[in-house]
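Read the structure below first, then the notes.
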Amino acid sequence: MNTIIRPIISKLEKELTTKEIIVLTGMRRVGKTTALKYLFDKVTSENKVMLDLENPLHRKIFEEENYDAIWQNLLPFGINNKKLAYLFLDEIQNLQGVSSAIKYLYDHYNVKFFLTGSSSFYLKNLFSESMAGRKIVYEIYPLNYSEFLNFKGVKRLSQAKNKINYQKLIPYYREYLEFGGFPGVVVEENPERKKLYLSDIFQSYFERDVKNLSDFKEIAKVRDLILLLASRVGSKLDVSKLASEMELTRVTVNNYLNFLEQTFFITLLPRFSRNADVKVSGRKKVYFCDCGMANFLGKISEGQLLEQSIFQILRIENNLTYSDQEGESEIDFIANDKTAYEVKVTPTNRDVTNLRSRGKKIGIENQTLVSLNYSALKNVVLATDL
């Protein structure tokens with residue numbers, strides 16, 4: 001198992017001593033099972049078991065009308081209910097109705113659950129309101145750039161703007177733009193095998209999530225929509241135009257978009273507003289789960305890939321929106337309603353001035369211009385330093 005500790009793992013370690021059910025979710029192949037195995041190994045008690053619910057024999061353990069009988073099924077694994085039991089369940093979306101069993105065991109016995117699931121769309125139905133107050137959900141993403149460097153064994157010389165540091169890091173950033181941050185892709189050195197790995201991730205998502213979890217009649221149309229969205233990364237979506245291009249209704253396209261978002265494949269970024277109703281009603285910008293996946297599926301410009309990568313870096317710790325005020329140029333990202341981020345391949349002084357002006361007009365005093373190419377301009381942060 002990869003020994004590199006991601007920041008999310010450090011947070012999860014603290015949950016080993018809490019009571020709540022811990023749910024790890026996110027796109028396929030982002031490292032949920034790796035995280036689960038790491039946490040399992042950290043538990044010193046022998047009264048623990050890790051089960052893969054893709055395995056029909058493991059699913060059978062929980063297929064009991066009398067949930068108390070589950071403990072009898074766990075005895076061959078060395079698990080008993082006389083003391084605190086640790087149950088690690090991987091891929092819980094594979095067992096319909098398992099949430100009722102988990103809830104019952106949680107309420108009636110001394111048991112700590114760690115669960116993984118690949119689909120928010122399914123998990124939201126799986127974990128109904130009855131689980132409120134019992135669970136904490138952590139979303140695991142593909143690697144951001146800092147994690148990417150850690151996986152590559154590369155250390156930054158300094159966080160301060162430095163041309164030598166930039167020249168060292170920019171080849172890695174360009175690799176990140178092209179192939180993204182899925183851990184398996186990052187550790188693979190051969191570019192052609194990286195592409196094969198991305199292809200396999202997409203095929204797995206399409207076969208297991210789109211085909212198995214949705215009830216869409218025209219699955220091929222979902223694939224076609226994904227390909228259309230790839231070329232629109234960082235753009236505001238016009239659902240009516242998409243519906244016309246695909247010869248579908250707006251309702252159908254919106255259903256597809258909702259499914260893609262709830263299964264972590266895309267994110268639809270709302271428009272910034274102090275008014276919640278405006279934020280909900282405005283057109284949304286689309287981003288993919290990973291720049292490597294977007295690049296693999298469509299013809300993406302350098303600027304689009306850069307914006308997608310900055311989205312991936314910012315999304316982990318920030319609530320993101322974008323600004324598009326009437327008569328004003330767009331601001332790519334607003335983080336936590338406090339900081340404006342504009343992304344440029346090569347920024348100019350005019351870009352710095354314009355961002356400052358646009359930010360102040362909407363009440364955002366902090367502005368950051370992010371550049372892919374090296375820039376000595378003040379108030380410009382290099383993408384390699386984020």
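Letters A, B, ... go to the chains of the structure tokens in the order shown; residues in each chain start at 1; ligands are counted from 1 in the same order.
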Contacts of A:Gln93 within 9 Å, only C-alpha atoms, excl. fewer than 5 positions in-chain, as a list in words =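 So, after excluding close chain neighbours, the residues are Leu53, Glu54, Val98, Thr116, Gly117, Ser118, Ser119, Tyr122, Leu123 and Leu126 of chain A.
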What's the 8 Å shell around stretch 13-21 of chain A, counting only C-alpha atoms, without same-chain residues fewer than 5 positions away, as a list in words?
-> Leu39, Val43, Lys112, Phe113, Phe114, Leu115, Gly133, Arg134, Lys135 and Ile136 of chain A
Best match for closeness to A:Phe259 among A:Gln308, A:Ser120, A:Gln167, A:Thr321, counting only C-alpha atoms = A:Ser120
Excluding stretch 218-222 of chain A and any residue of its chain fewer than 3 positions from it, enumerate the residues within 8 Å of it, using only C-alpha atoms, and give them as a ChimeraX atom specification.
-> /A:210-211,225-226,246,256
List the neighbours of A:Leu369 out to 9 Å using only C-alpha atoms; skip same-chain residues closer than 4 positions along the sequence, and give me the result as a ChimeraX atom specification.
-> /A:340-344,347,351-352,355,379-382
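Between atom CA of A:Arg315 and atom CA of A:Val154 there is a distance of 22.6 Å.
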